[in-house]
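> So here's start20.txt, just compact mmCIF, C-alpha atoms and all ligand atoms:
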# COMPACT_ATOMS: atom_id res chain seq x y z
CA MET A 13 -42.92 46.10 -30.01
CA ASN A 14 -42.15 42.74 -28.45
CA ILE A 15 -43.13 39.26 -29.74
CA PRO A 16 -41.26 36.67 -27.63
CA LEU A 17 -41.29 33.13 -29.05
CA ARG A 18 -41.48 30.76 -26.04
CA ILE A 19 -42.44 27.59 -27.87
CA SER A 20 -40.96 25.55 -30.71
CA PRO A 21 -43.39 25.36 -33.67
CA GLY A 22 -41.13 22.75 -35.33
CA LEU A 23 -41.33 20.42 -32.31
CA ARG A 24 -45.07 20.97 -32.08
CA PHE A 25 -45.39 19.82 -35.70
CA ILE A 26 -43.60 16.62 -34.71
CA LYS A 27 -45.79 16.03 -31.65
CA GLN A 28 -49.00 16.71 -33.59
CA ASN A 29 -48.06 14.23 -36.32
CA VAL A 30 -46.14 11.63 -34.31
CA PRO A 31 -47.79 11.71 -30.87
CA GLU A 32 -45.52 8.93 -29.55
CA VAL A 33 -42.62 11.43 -29.44
CA GLU A 34 -42.13 13.47 -26.25
CA ILE A 35 -40.94 17.07 -26.64
CA LEU A 36 -39.34 19.65 -24.33
CA GLU A 37 -39.48 23.29 -25.42
CA TYR A 38 -36.65 25.49 -24.19
CA PRO A 39 -36.13 23.50 -20.96
CA THR A 40 -33.91 24.76 -18.20
CA TRP A 41 -30.68 22.78 -17.78
CA GLN A 42 -32.11 21.04 -14.71
CA GLN A 43 -35.39 20.17 -16.45
CA TYR A 44 -33.38 18.66 -19.29
CA LEU A 45 -31.17 16.59 -16.96
CA ASP A 46 -34.22 15.35 -15.04
CA ARG A 47 -35.96 14.18 -18.23
CA LEU A 48 -32.79 12.48 -19.49
CA LYS A 49 -32.94 10.20 -16.46
CA ASP A 50 -36.21 8.70 -17.76
CA GLY A 51 -34.16 6.67 -20.26
CA TRP A 52 -34.57 7.26 -24.00
CA ASP A 53 -33.87 5.31 -27.17
CA ILE A 54 -33.29 8.53 -29.12
CA VAL A 55 -32.76 12.14 -28.04
CA GLY A 56 -33.06 14.66 -30.88
CA PHE A 57 -32.23 18.38 -30.96
CA SER A 58 -33.83 21.07 -33.09
CA PHE A 59 -31.57 24.13 -33.27
CA TYR A 60 -30.11 26.96 -35.32
CA GLN A 61 -26.48 27.67 -36.14
CA ASN A 62 -26.08 30.27 -33.40
CA GLU A 63 -27.36 27.75 -30.80
CA ILE A 64 -24.76 25.02 -31.44
CA ASP A 65 -22.74 25.96 -28.34
CA THR A 66 -25.86 25.36 -26.26
CA ILE A 67 -26.39 21.95 -27.85
CA HIS A 68 -22.84 20.66 -27.26
CA PRO A 69 -23.14 20.10 -23.48
CA MET A 70 -26.65 18.73 -23.98
CA ILE A 71 -25.30 16.09 -26.35
CA GLU A 72 -22.53 15.22 -23.86
CA ALA A 73 -25.08 14.85 -21.07
CA ALA A 74 -27.24 12.61 -23.25
CA ARG A 75 -24.24 10.40 -24.06
CA GLU A 76 -23.27 10.19 -20.39
CA GLU A 77 -26.80 9.16 -19.54
CA GLY A 78 -26.47 6.34 -22.10
CA VAL A 79 -29.24 7.28 -24.55
CA GLY A 80 -29.49 4.96 -27.57
CA GLU A 81 -28.94 7.54 -30.31
CA VAL A 82 -28.58 11.30 -30.70
CA TRP A 83 -30.26 13.02 -33.66
CA ALA A 84 -29.95 16.56 -34.98
CA GLY A 85 -32.45 18.58 -37.01
CA ASN A 86 -33.43 22.11 -38.08
CA TYR A 87 -31.13 24.55 -39.87
CA GLY A 88 -28.32 24.24 -37.31
CA ALA A 89 -27.92 20.60 -38.31
CA MET A 90 -26.45 21.80 -41.61
CA ASP A 91 -23.25 22.84 -39.87
CA TYR A 92 -20.27 20.85 -41.14
CA GLY A 93 -19.29 19.73 -37.62
CA ILE A 94 -22.65 18.23 -36.64
CA PRO A 95 -22.47 14.79 -38.36
CA GLU A 96 -19.50 13.73 -36.23
CA LEU A 97 -21.33 14.68 -33.03
CA VAL A 98 -24.58 12.81 -33.60
CA ASP A 99 -25.80 9.49 -34.93
CA ARG A 100 -28.25 10.91 -37.44
CA VAL A 101 -28.81 14.25 -39.12
CA VAL A 102 -32.27 15.04 -40.49
CA TYR A 103 -32.60 17.76 -43.13
CA GLY A 104 -36.03 19.19 -43.83
CA PRO A 105 -39.28 18.14 -42.16
CA GLY A 106 -38.81 15.48 -39.47
CA GLU A 107 -42.32 14.05 -39.13
CA ASP A 108 -42.00 11.17 -41.60
CA HIS A 109 -38.53 10.12 -40.36
CA LEU A 110 -39.87 9.82 -36.83
CA ALA A 111 -43.17 8.16 -37.79
CA GLN A 112 -41.24 5.36 -39.49
CA LEU A 113 -39.73 4.44 -36.12
CA PHE A 114 -43.26 3.60 -35.00
CA GLY A 115 -44.15 1.70 -38.17
CA TYR A 116 -46.15 4.26 -40.15
CA ARG A 117 -45.60 7.14 -42.56
CA VAL A 118 -46.59 10.80 -42.60
CA ASN A 119 -46.71 11.86 -46.26
CA ALA A 120 -45.93 15.51 -47.01
CA ASP A 121 -49.53 16.37 -47.99
CA ALA A 122 -50.89 14.72 -44.82
CA VAL A 123 -48.81 16.78 -42.36
CA GLU A 124 -51.22 18.26 -39.80
CA HIS A 125 -50.77 21.73 -38.40
CA PRO A 126 -50.42 22.07 -34.60
CA ALA A 127 -51.58 25.00 -32.46
CA ALA A 128 -48.77 27.48 -31.70
CA MET A 129 -49.15 31.02 -30.41
CA VAL A 130 -47.14 34.09 -29.45
CA HIS A 131 -48.18 37.20 -27.52
CA LEU A 132 -47.57 40.70 -28.84
CA SER A 133 -46.91 43.72 -26.63
CA VAL A 134 -47.02 47.12 -28.34
CA LEU A 135 -46.25 48.94 -25.08
CA PRO A 136 -43.67 47.31 -22.80
CA GLY A 137 -45.24 45.03 -20.19
CA ILE A 138 -48.77 45.23 -21.63
CA ARG A 139 -50.03 42.30 -23.62
CA HIS A 140 -52.01 43.66 -26.54
CA THR A 141 -52.95 40.58 -28.50
CA THR A 142 -52.07 36.98 -29.29
CA PHE A 143 -51.04 35.77 -32.72
CA GLY A 144 -51.82 32.29 -33.97
CA LEU A 145 -48.75 31.01 -35.81
CA LEU A 146 -49.05 29.22 -39.13
CA HIS A 147 -46.39 27.60 -41.25
CA THR A 148 -48.13 26.43 -44.38
CA GLU A 149 -45.55 25.92 -47.15
CA ARG A 150 -42.19 24.19 -47.04
CA GLY A 151 -39.24 24.71 -49.37
CA CYS A 152 -38.77 27.47 -51.94
CA PRO A 153 -38.47 27.44 -55.75
CA TYR A 154 -35.88 30.25 -55.77
CA ARG A 155 -32.15 29.91 -55.23
CA CYS A 156 -30.90 33.02 -53.43
CA THR A 157 -27.25 32.21 -52.80
CA PHE A 158 -27.27 33.20 -49.10
CA CYS A 159 -30.39 31.23 -48.14
CA SER A 160 -30.34 27.81 -46.48
CA THR A 161 -33.91 26.86 -47.38
CA PRO A 162 -33.33 25.43 -50.89
CA THR A 163 -30.69 23.05 -49.47
CA PHE A 164 -32.47 22.30 -46.22
CA GLU A 165 -35.88 21.62 -47.78
CA PRO A 166 -35.25 20.76 -51.45
CA GLU A 167 -38.65 19.07 -51.75
CA ARG A 168 -41.47 21.60 -51.71
CA SER A 169 -44.77 20.75 -50.02
CA THR A 170 -47.83 22.28 -48.42
CA VAL A 171 -49.34 21.48 -45.04
CA ASN A 172 -52.69 19.67 -45.00
CA ILE A 173 -55.33 22.33 -45.53
CA ALA A 174 -58.14 20.57 -43.63
CA SER A 175 -55.90 20.60 -40.54
CA ILE A 176 -55.32 24.33 -41.05
CA GLU A 177 -59.06 25.00 -41.19
CA ARG A 178 -59.49 23.00 -37.96
CA LEU A 179 -56.77 25.14 -36.39
CA LEU A 180 -58.39 28.38 -37.56
CA ARG A 181 -61.64 27.31 -35.89
CA HIS A 182 -59.70 26.58 -32.70
CA TYR A 183 -57.96 29.96 -32.76
CA ARG A 184 -61.29 31.73 -33.21
CA LYS A 185 -62.86 29.74 -30.39
CA ILE A 186 -60.21 30.81 -27.88
CA GLY A 187 -60.26 34.45 -29.00
CA VAL A 188 -57.28 34.68 -31.37
CA ARG A 189 -57.99 37.08 -34.24
CA HIS A 190 -54.54 37.66 -35.71
CA LEU A 191 -52.28 35.27 -37.59
CA VAL A 192 -48.60 35.33 -38.45
CA LEU A 193 -47.49 33.05 -41.26
CA THR A 194 -43.87 32.10 -40.74
CA ASP A 195 -43.56 30.63 -44.25
CA GLU A 196 -40.38 31.66 -46.03
CA LEU A 197 -42.44 32.62 -49.04
CA PHE A 198 -46.21 32.85 -48.92
CA GLY A 199 -47.83 32.61 -52.35
CA SER A 200 -45.31 30.36 -54.07
CA HIS A 201 -48.10 27.78 -54.46
CA PRO A 202 -50.72 30.13 -55.96
CA ASP A 203 -53.75 27.78 -55.80
CA TYR A 204 -52.99 26.85 -52.21
CA ALA A 205 -52.48 30.51 -51.22
CA GLU A 206 -55.79 31.32 -52.90
CA GLU A 207 -57.57 28.69 -50.82
CA LEU A 208 -55.81 29.72 -47.61
CA SER A 209 -56.44 33.44 -48.02
CA ARG A 210 -60.13 32.67 -48.61
CA LEU A 211 -60.16 30.72 -45.34
CA PHE A 212 -58.50 33.58 -43.46
CA ALA A 213 -61.18 35.93 -44.79
CA ARG A 214 -64.02 33.50 -44.04
CA TYR A 215 -62.90 33.22 -40.41
CA ASN A 216 -62.30 36.96 -40.28
CA PHE A 217 -58.62 37.01 -39.36
CA LEU A 218 -56.12 39.81 -39.86
CA TRP A 219 -52.83 38.25 -40.93
CA TRP A 220 -49.15 38.84 -41.67
CA ALA A 221 -47.19 36.83 -44.23
CA GLN A 222 -43.68 37.11 -45.63
CA THR A 223 -43.48 37.01 -49.40
CA ARG A 224 -41.43 38.24 -52.40
CA VAL A 225 -41.84 41.49 -54.30
CA GLU A 226 -43.11 39.97 -57.53
CA LEU A 227 -45.71 37.91 -55.65
CA ALA A 228 -46.72 41.03 -53.72
CA VAL A 229 -47.13 43.01 -56.96
CA LYS A 230 -49.45 40.28 -58.24
CA TYR A 231 -51.50 39.43 -55.16
CA LEU A 232 -51.23 42.20 -52.58
CA ASP A 233 -54.54 43.89 -53.49
CA LEU A 234 -56.41 40.60 -53.20
CA TRP A 235 -54.65 39.51 -50.01
CA TYR A 236 -55.28 42.89 -48.43
CA GLU A 237 -59.01 42.56 -49.11
CA ARG A 238 -58.80 39.16 -47.43
CA GLY A 239 -57.22 40.54 -44.27
CA MET A 240 -53.47 40.74 -44.89
CA ARG A 241 -52.09 43.56 -42.72
CA ALA A 242 -48.34 43.09 -43.01
CA ALA A 243 -46.18 41.67 -45.79
CA PRO A 244 -42.63 41.71 -44.44
CA ILE A 245 -40.50 41.37 -47.55
CA GLY A 246 -36.80 40.60 -47.70
CA MET A 247 -35.84 43.45 -50.02
CA GLU A 248 -32.10 43.01 -49.23
CA THR A 249 -30.66 46.08 -51.02
CA MET A 250 -31.45 48.77 -53.58
CA ASN A 251 -28.14 48.08 -55.31
CA PRO A 252 -28.86 46.06 -58.49
CA VAL A 253 -25.33 44.65 -58.68
CA ALA A 254 -25.53 43.29 -55.13
CA LEU A 255 -29.03 41.91 -55.81
CA ALA A 256 -27.76 40.10 -58.89
CA ARG A 257 -24.81 38.64 -56.96
CA LEU A 258 -27.24 37.14 -54.45
CA ASN A 259 -29.30 35.66 -57.31
CA LYS A 260 -32.26 37.34 -55.69
CA GLN A 261 -33.98 37.79 -59.07
CA GLN A 262 -35.62 40.95 -57.85
CA LYS A 263 -35.87 44.26 -59.68
CA VAL A 264 -35.35 47.59 -57.91
CA GLU A 265 -38.39 49.09 -59.76
CA MET A 266 -40.56 46.34 -58.30
CA ILE A 267 -39.34 47.17 -54.78
CA ARG A 268 -40.54 50.74 -55.38
CA GLU A 269 -43.86 49.50 -56.71
CA VAL A 270 -44.52 47.26 -53.71
CA ALA A 271 -43.52 49.98 -51.26
CA GLY A 272 -46.11 52.27 -52.95
CA MET A 273 -48.79 49.57 -52.84
CA ILE A 274 -48.21 48.97 -49.13
CA ARG A 275 -48.30 52.70 -48.36
CA SER A 276 -51.68 53.07 -50.07
CA LYS A 277 -53.41 50.55 -47.82
CA PRO A 278 -54.86 51.78 -44.51
CA GLY A 279 -54.13 49.56 -41.54
CA MET A 280 -51.23 47.85 -43.29
CA LEU A 281 -47.99 47.78 -41.29
CA ARG A 282 -44.99 48.75 -43.37
CA ILE A 283 -42.16 46.33 -42.62
CA ALA A 284 -39.01 45.85 -44.70
CA TYR A 285 -35.93 43.72 -44.21
CA PHE A 286 -32.64 44.44 -45.81
CA MET A 287 -29.06 43.32 -45.52
CA ILE A 288 -25.86 45.21 -44.97
CA GLY A 289 -22.34 43.99 -45.66
CA HIS A 290 -22.65 43.28 -49.39
CA GLU A 291 -19.20 42.59 -50.73
CA ASP A 292 -19.13 45.42 -53.31
CA MET A 293 -20.40 48.04 -50.87
CA GLY A 294 -18.21 49.97 -48.44
CA TYR A 295 -19.22 51.98 -45.38
CA GLU A 296 -20.49 55.06 -47.24
CA GLU A 297 -22.33 53.10 -49.95
CA THR A 298 -24.09 51.08 -47.28
CA LEU A 299 -25.19 54.26 -45.54
CA GLU A 300 -26.45 55.64 -48.88
CA ASP A 301 -28.45 52.42 -49.34
CA ALA A 302 -29.99 52.96 -45.89
CA TYR A 303 -30.92 56.56 -46.77
CA ARG A 304 -32.70 55.28 -49.89
CA TRP A 305 -34.70 52.89 -47.68
CA LYS A 306 -35.60 55.71 -45.36
CA GLU A 307 -37.32 57.56 -48.23
CA PHE A 308 -39.83 54.70 -48.47
CA ASP A 309 -41.08 55.61 -45.00
CA PHE A 310 -41.59 52.09 -43.67
CA ASP A 311 -42.71 51.75 -40.05
CA VAL A 312 -40.15 49.09 -39.12
CA TYR A 313 -36.89 48.15 -40.78
CA GLY A 314 -35.00 44.96 -40.03
CA ALA A 315 -31.33 45.30 -40.95
CA THR A 316 -29.21 42.16 -40.80
CA VAL A 317 -25.54 41.62 -41.54
CA ILE A 318 -25.21 39.24 -44.47
CA THR A 319 -23.97 35.95 -43.01
CA PRO A 320 -22.72 32.82 -44.75
CA TYR A 321 -24.42 29.63 -43.56
CA PRO A 322 -23.01 26.15 -44.11
CA ARG A 323 -23.87 24.33 -47.35
CA THR A 324 -25.16 27.47 -49.09
CA PRO A 325 -23.56 28.75 -52.32
CA PHE A 326 -22.79 32.00 -50.46
CA TRP A 327 -20.69 30.13 -47.89
CA GLU A 328 -18.58 28.50 -50.64
CA GLU A 329 -18.13 31.74 -52.62
CA ILE A 330 -17.25 33.91 -49.64
CA ASP A 331 -14.93 31.36 -48.08
CA ASP A 332 -13.08 30.94 -51.41
CA ARG A 333 -12.80 34.63 -52.20
CA TYR A 334 -12.24 36.23 -48.78
CA GLY A 335 -12.20 33.59 -46.05
CA ILE A 336 -14.60 32.99 -43.17
CA PHE A 337 -12.49 33.74 -40.10
CA ASP A 338 -15.00 33.73 -37.25
CA ARG A 339 -16.27 30.27 -36.28
CA GLU A 340 -17.87 31.35 -33.00
CA TYR A 341 -21.35 29.85 -33.37
CA SER A 342 -23.11 32.53 -31.36
CA HIS A 343 -21.92 35.09 -33.93
CA TYR A 344 -24.05 33.49 -36.66
CA ASP A 345 -27.07 35.53 -35.63
CA GLN A 346 -26.93 38.04 -38.51
CA THR A 347 -25.52 40.82 -36.35
CA HIS A 348 -21.78 40.01 -36.75
CA LEU A 349 -19.41 40.13 -39.68
CA VAL A 350 -17.87 36.64 -39.70
CA TRP A 351 -15.93 36.86 -42.98
CA ARG A 352 -13.15 39.10 -44.30
CA HIS A 353 -15.10 41.84 -46.03
CA PRO A 354 -12.84 43.58 -48.59
CA LEU A 355 -14.02 47.08 -47.61
CA ILE A 356 -15.30 46.97 -44.01
CA THR A 357 -13.76 45.61 -40.79
CA PRO A 358 -15.85 43.79 -38.13
CA ASP A 359 -15.58 46.81 -35.81
CA GLN A 360 -16.74 49.17 -38.54
CA MET A 361 -19.61 46.79 -39.30
CA ARG A 362 -20.75 46.88 -35.68
CA GLU A 363 -20.78 50.66 -35.74
CA LEU A 364 -22.39 50.76 -39.18
CA ARG A 365 -25.19 48.44 -38.10
CA SER A 366 -25.97 50.54 -35.09
CA ARG A 367 -25.92 53.72 -37.20
CA VAL A 368 -28.26 52.20 -39.76
CA LYS A 369 -30.62 50.97 -37.02
CA ASN A 370 -30.74 54.37 -35.37
CA LEU A 371 -31.25 56.08 -38.70
CA LEU A 372 -34.21 53.90 -39.65
CA ASN A 373 -35.91 52.75 -36.45
CA ASN A 374 -37.07 55.12 -33.77
CA PRO A 375 -38.72 53.03 -30.98
CA VAL A 376 -41.24 55.76 -30.10
CA ARG A 377 -42.20 56.15 -33.74
CA VAL A 378 -42.55 52.36 -34.12
CA ILE A 379 -45.08 52.31 -31.24
CA GLN A 380 -46.95 55.36 -32.57
CA ARG A 381 -47.08 53.91 -36.06
CA GLY A 382 -48.15 50.48 -34.75
CA ILE A 383 -51.06 52.01 -32.85
CA LYS A 384 -51.97 54.25 -35.78
CA ARG A 385 -51.99 51.48 -38.38
CA TYR A 386 -53.31 48.59 -36.36
CA ILE A 387 -55.91 50.35 -34.27
CA LEU A 388 -56.92 53.74 -35.68
CA GLU A 389 -56.60 53.16 -39.43
CA GLU A 390 -58.05 49.66 -39.16
CA ALA A 391 -61.04 50.94 -37.16
CA ARG A 392 -61.71 53.59 -39.83
CA HIS A 393 -61.19 51.08 -42.62
CA SER A 394 -63.65 48.63 -41.07
CA GLY A 395 -66.44 51.23 -41.61
CA HIS A 396 -69.71 50.59 -39.77
CA SER A 397 -68.09 48.17 -37.35
CA GLY A 398 -65.24 50.59 -36.58
CA THR A 399 -66.39 51.09 -33.01
CA GLY A 400 -66.64 47.32 -32.63
CA TYR A 401 -63.11 46.96 -33.93
CA LEU A 402 -61.81 49.58 -31.49
CA TRP A 403 -63.59 47.85 -28.61
CA ARG A 404 -62.11 44.49 -29.60
CA SER A 405 -58.60 45.90 -30.06
CA VAL A 406 -58.39 47.93 -26.91
CA VAL A 407 -60.60 46.01 -24.48
CA THR A 408 -61.78 42.50 -25.34
CA GLY A 409 -58.68 41.55 -27.38
CA PRO A 410 -56.18 42.17 -24.56
CA ILE A 411 -58.53 40.48 -22.04
CA ALA A 412 -58.88 37.40 -24.28
CA SER A 413 -55.11 37.42 -24.74
CA LEU A 414 -54.53 37.38 -20.97
CA ARG A 415 -56.53 34.15 -20.75
CA ILE A 416 -54.39 32.42 -23.40
CA SER A 417 -51.25 30.54 -22.41
CA ASP A 418 -48.73 30.41 -25.25
CA ARG A 419 -46.67 27.73 -23.42
CA LYS A 420 -49.51 25.32 -22.63
CA PRO A 421 -49.40 22.32 -24.98
CA PHE A 422 -52.53 21.66 -27.01
CA TYR A 423 -52.85 18.99 -29.70
CA PHE A 424 -55.71 17.85 -31.91
CA PRO A 425 -56.69 14.20 -32.25
CA LYS A 426 -54.94 12.88 -35.36
CA GLN A 427 -57.05 12.94 -38.52
CA LYS A 428 -57.95 9.51 -39.98
S1 LIG B 1 -34.44 34.11 -49.55
FE1 LIG B 1 -36.63 33.68 -49.76
S2 LIG B 1 -36.94 33.59 -51.98
FE2 LIG B 1 -34.74 33.39 -51.66
S3 LIG B 1 -34.37 31.17 -51.61
FE3 LIG B 1 -34.68 31.86 -49.49
S4 LIG B 1 -36.84 31.55 -49.07
FE4 LIG B 1 -36.56 31.50 -51.29
For the file at hand, write its structure as structure tokens.


Amino acid sequence: MNIPLRISPGLRFIKQNVPEVEILEYPTWQQYLDRLKDGWDIVGFSFYQNEIDTIHPMIEAAREEGVGEVWAGNYGAMDYGIPELVDRVVYGPGEDHLAQLFGYRVNADAVEHPAAMVHLSVLPGIRHTTFGLLHTERGCPYRCTFCSTPTFEPERSTVNIASIERLLRHYRKIGVRHLVLTDELFGSHPDYAEELSRLFARYNFLWWAQTRVELAVKYLDLWYERGMRAAPIGMETMNPVALARLNKQQKVEMIREVAGMIRSKPGMLRIAYFMIGHEDMGYEETLEDAYRWKEFDFDVYGATVITPYPRTPFWEEIDDRYGIFDREYSHYDQTHLVWRHPLITPDQMRELRSRVKNLLNNPVRVIQRGIKRYILEEARHSGHSGTGYLWRSVVTGPIASLRISDRKPFYFPKQK
């Protein structure tokens, strides 16, 4: 399964809300240099920790070209070395900071949602459908020690719901029938999630949203009836001691309960994320954890290596206790061990990760399961219109998707 992200939803939020700003999404080096020559008061970069090496020469080129100021935003801006490289660091949503440059404000509850899409290919080279992206809630009330969100977005807010309904109408009009919510935690504003899920059902979307186990226990039945077809949950580990260390506030029994709920729902993709490299777990214990996950029979497992990110409690704790030895930015992509684990070496971790991946994810099975859940089970579940669903999934959906350009910019007129 392949879902390449070729646009920047964060930059599109800025352009939708502060149209005076010009954006460039993943430019080539030459495209970037050409645009720099236009002369700019401010050049800002939105990036992640593992992209900092890419940003360095871009900042140098901007300075050489004599731009007024250089700004940094997104999670990568939390790196300790960034403030000395740029003139301003923006944590959290950027819309209001930029609007003030033009003499107005964008309050959190007035932030309008832009259009942003990605294509999905189940079989390599064949576009199966297009997902409309949504990011509806910002911040998180929890405090998992490894997570950057509580520091990056300490103020919680929700995106303007009227703008989301306008976007849903647009997606329907151009033939998009599936949504992916990229929220860290869907459902943490229950009334808002209630209103949104009603909208998704009213416009007849099937949707995916990441959430937490206790929210899934409470709302999964309702959300499923309203079209939810995947609830990727960061389950992290089945080891209660490691869960407690991460302040995940998640009970192992609840993980079992949610896994059972997901399995009982036809058409629902079974996706779980977990982490390896917990400090109390050695090679064999990590493998045992993976075998316990396998029993749940999920369709897709995402296994990441637990990574300290700057300004998180986990960074401080791990650096104090063991030391963070690897400062190569590109290694902060959750596939490398960048700190001195007391029981596993970086080489062992590389091998362990590949063993765990092979144990849990068989690419052929992922495709078979994807087709089974998303096409066959869903067609059966949709009853009388099952044939219609099959026709849409296999014929009209892919044709509509071919007509959609994920890269082409599209913005709504600003709401009054
Ligand atoms: S991991 Fe999820 S629940 Fe925990 S703080 Fe981050 S966003 Fe919130």

> When distances are computed from all atoms listed in the file, which of A:Met280, A:Val407, A:Cys156, A:Met240 shows the smallest separation from ligand LIG 1 (chain B)?

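Among the listed residues, A:Cys156 lies closest to ligand LIG 1 (chain B).
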
> Compile the contact shell of A:His131 as a ChimeraX atom specification: residues with an atom at most 6 Å away, counting all atoms listed in the file, same-chain residues fewer than 5 positions apart removed.

/A:15,141-142

> Could you write those residues out with C-alpha atoms, as a PDB file, keeping the file's coordinate frame?


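Result file follows (selection-v2.pdb):
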ATOM      1  CA  ILE A  15     -43.130  39.260 -29.740  1.00  0.00           C
ATOM      2  CA  THR A 141     -52.950  40.580 -28.500  1.00  0.00           C
ATOM      3  CA  THR A 142     -52.070  36.980 -29.290  1.00  0.00           C
TER       4      THR A 142
END

> Which residue, A:Leu197, A:His353, A:Leu179, A:Val134, has the smallest gap to A:Gln380 when you use only C-alpha atoms?

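Under the stated criterion, the closest residue is A:Val134.
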
> Could you list, as a ChimeraX atom specification, all the residues within 10 Å of ligand LIG 1 (chain B), counting all atoms listed in the file?

/A:150-163,195-198,200,222-225,245-248,258-262

> From the options A:His140, A:Arg419, A:His147, A:Lys27, which residue's atoms come nearest to A:Ile387, counting only C-alpha atoms?

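The closest residue to A:Ile387 is A:His140.
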
> Can you pull out every residue within 9 Å of A:Ala284, counting only C-alpha atoms, but drop anything in the same chain fewer than 3 positions away, and send it as a list in words?

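The residues that qualify are Ala243, Pro244, Ile245, Gly246, Met247, Glu248, Ala271, Trp305, Phe310, Asp311, Val312, Tyr313, Gly314 and Ala315 of chain A.
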
> Tell me, in Å to one decimal, how far atom CA of A:Leu180 is from atom CA of A:Phe212.

7.9 Å

> Around the point (-62.7, 27.4, -35.0) in the file's coordinates, collect all residues with an atom within 12 Å, using only C-alpha atoms, and return them as a PyMOL selection string.

chain A and resi 127+144+174-189+211-212+214-217

> Can you tell me which residues surround A:Thr249 at a distance of at most 10 Å, considering all atoms listed in the file, apart from same-chain residues fewer than 2 positions away, and format the answer as an mmCIF file with C-alpha atoms, in the frame of the given file?


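In the end it all went to selection.cif:
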data_model
loop_
_atom_site.group_PDB
_atom_site.id
_atom_site.type_symbol
_atom_site.label_atom_id
_atom_site.label_comp_id
_atom_site.auth_asym_id
_atom_site.auth_seq_id
_atom_site.Cartn_x
_atom_site.Cartn_y
_atom_site.Cartn_z
ATOM 1 C CA GLY A 246 -36.800 40.600 -47.700
ATOM 2 C CA MET A 247 -35.840 43.450 -50.020
ATOM 3 C CA ASN A 251 -28.140 48.080 -55.310
ATOM 4 C CA PRO A 252 -28.860 46.060 -58.490
ATOM 5 C CA VAL A 253 -25.330 44.650 -58.680
ATOM 6 C CA ALA A 254 -25.530 43.290 -55.130
ATOM 7 C CA LEU A 255 -29.030 41.910 -55.810
ATOM 8 C CA GLN A 262 -35.620 40.950 -57.850
ATOM 9 C CA VAL A 264 -35.350 47.590 -57.910
ATOM 10 C CA ILE A 267 -39.340 47.170 -54.780
ATOM 11 C CA TYR A 285 -35.930 43.720 -44.210
ATOM 12 C CA PHE A 286 -32.640 44.440 -45.810
ATOM 13 C CA MET A 287 -29.060 43.320 -45.520
ATOM 14 C CA ILE A 288 -25.860 45.210 -44.970
ATOM 15 C CA HIS A 290 -22.650 43.280 -49.390
ATOM 16 C CA THR A 298 -24.090 51.080 -47.280
ATOM 17 C CA ASP A 301 -28.450 52.420 -49.340
ATOM 18 C CA ALA A 302 -29.990 52.960 -45.890
ATOM 19 C CA ARG A 304 -32.700 55.280 -49.890
ATOM 20 C CA TRP A 305 -34.700 52.890 -47.680
#

> Report as a ChimeraX atom specification all protein, DNA and RNA residues lying within 8 Å of A:Glu81, evaluated on only C-alpha atoms, omitting residues in the same chain fewer than 4 positions from it.

/A:53-55,98-100

> What does the structure give for the distance between atom CA of A:Arg377 and atom CA of A:Val406, in Å to one decimal?

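Between atom CA of A:Arg377 and atom CA of A:Val406 the gap works out to 19.4 Å.
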
> Around all the atoms of stretch 178-181 of chain A listed in the file, draw an axis-aligned box and extend it by 5 Å on each of the six sides; I want its centre and edge lengths in Å to one decimal, as lines of an AutoDock Vina configuration file.


center_x = -59.2
center_y = 25.7
center_z = -36.9
size_x = 14.9
size_y = 15.4
size_z = 12.1

> Can you take stretch 87-108 of chain A from the block and write C-alpha atoms as a PDB file, in the first residue's frame?


ATOM      1  CA  TYR A  87       8.184  20.282  14.914  1.00  0.00           C
ATOM      2  CA  GLY A  88      11.748  20.548  13.575  1.00  0.00           C
ATOM      3  CA  ALA A  89      11.899  24.106  14.896  1.00  0.00           C
ATOM      4  CA  MET A  90      11.998  22.660  18.416  1.00  0.00           C
ATOM      5  CA  ASP A  91      15.574  21.512  17.896  1.00  0.00           C
ATOM      6  CA  TYR A  92      17.953  23.243  20.293  1.00  0.00           C
ATOM      7  CA  GLY A  93      20.198  24.476  17.460  1.00  0.00           C
ATOM      8  CA  ILE A  94      17.500  26.223  15.432  1.00  0.00           C
ATOM      9  CA  PRO A  95      17.170  29.556  17.325  1.00  0.00           C
ATOM     10  CA  GLU A  96      20.753  30.542  16.498  1.00  0.00           C
ATOM     11  CA  LEU A  97      20.191  29.862  12.795  1.00  0.00           C
ATOM     12  CA  VAL A  98      17.033  31.893  12.269  1.00  0.00           C
ATOM     13  CA  ASP A  99      15.541  35.211  13.278  1.00  0.00           C
ATOM     14  CA  ARG A 100      12.281  33.825  14.626  1.00  0.00           C
ATOM     15  CA  VAL A 101      11.020  30.447  15.761  1.00  0.00           C
ATOM     16  CA  VAL A 102       7.271  29.801  15.721  1.00  0.00           C
ATOM     17  CA  TYR A 103       5.886  26.989  17.861  1.00  0.00           C
ATOM     18  CA  GLY A 104       2.388  25.736  17.166  1.00  0.00           C
ATOM     19  CA  PRO A 105       0.016  27.058  14.502  1.00  0.00           C
ATOM     20  CA  GLY A 106       1.545  29.811  12.361  1.00  0.00           C
ATOM     21  CA  GLU A 107      -1.533  31.475  10.859  1.00  0.00           C
ATOM     22  CA  ASP A 108      -2.034  34.204  13.462  1.00  0.00           C
TER      23      ASP A 108
END
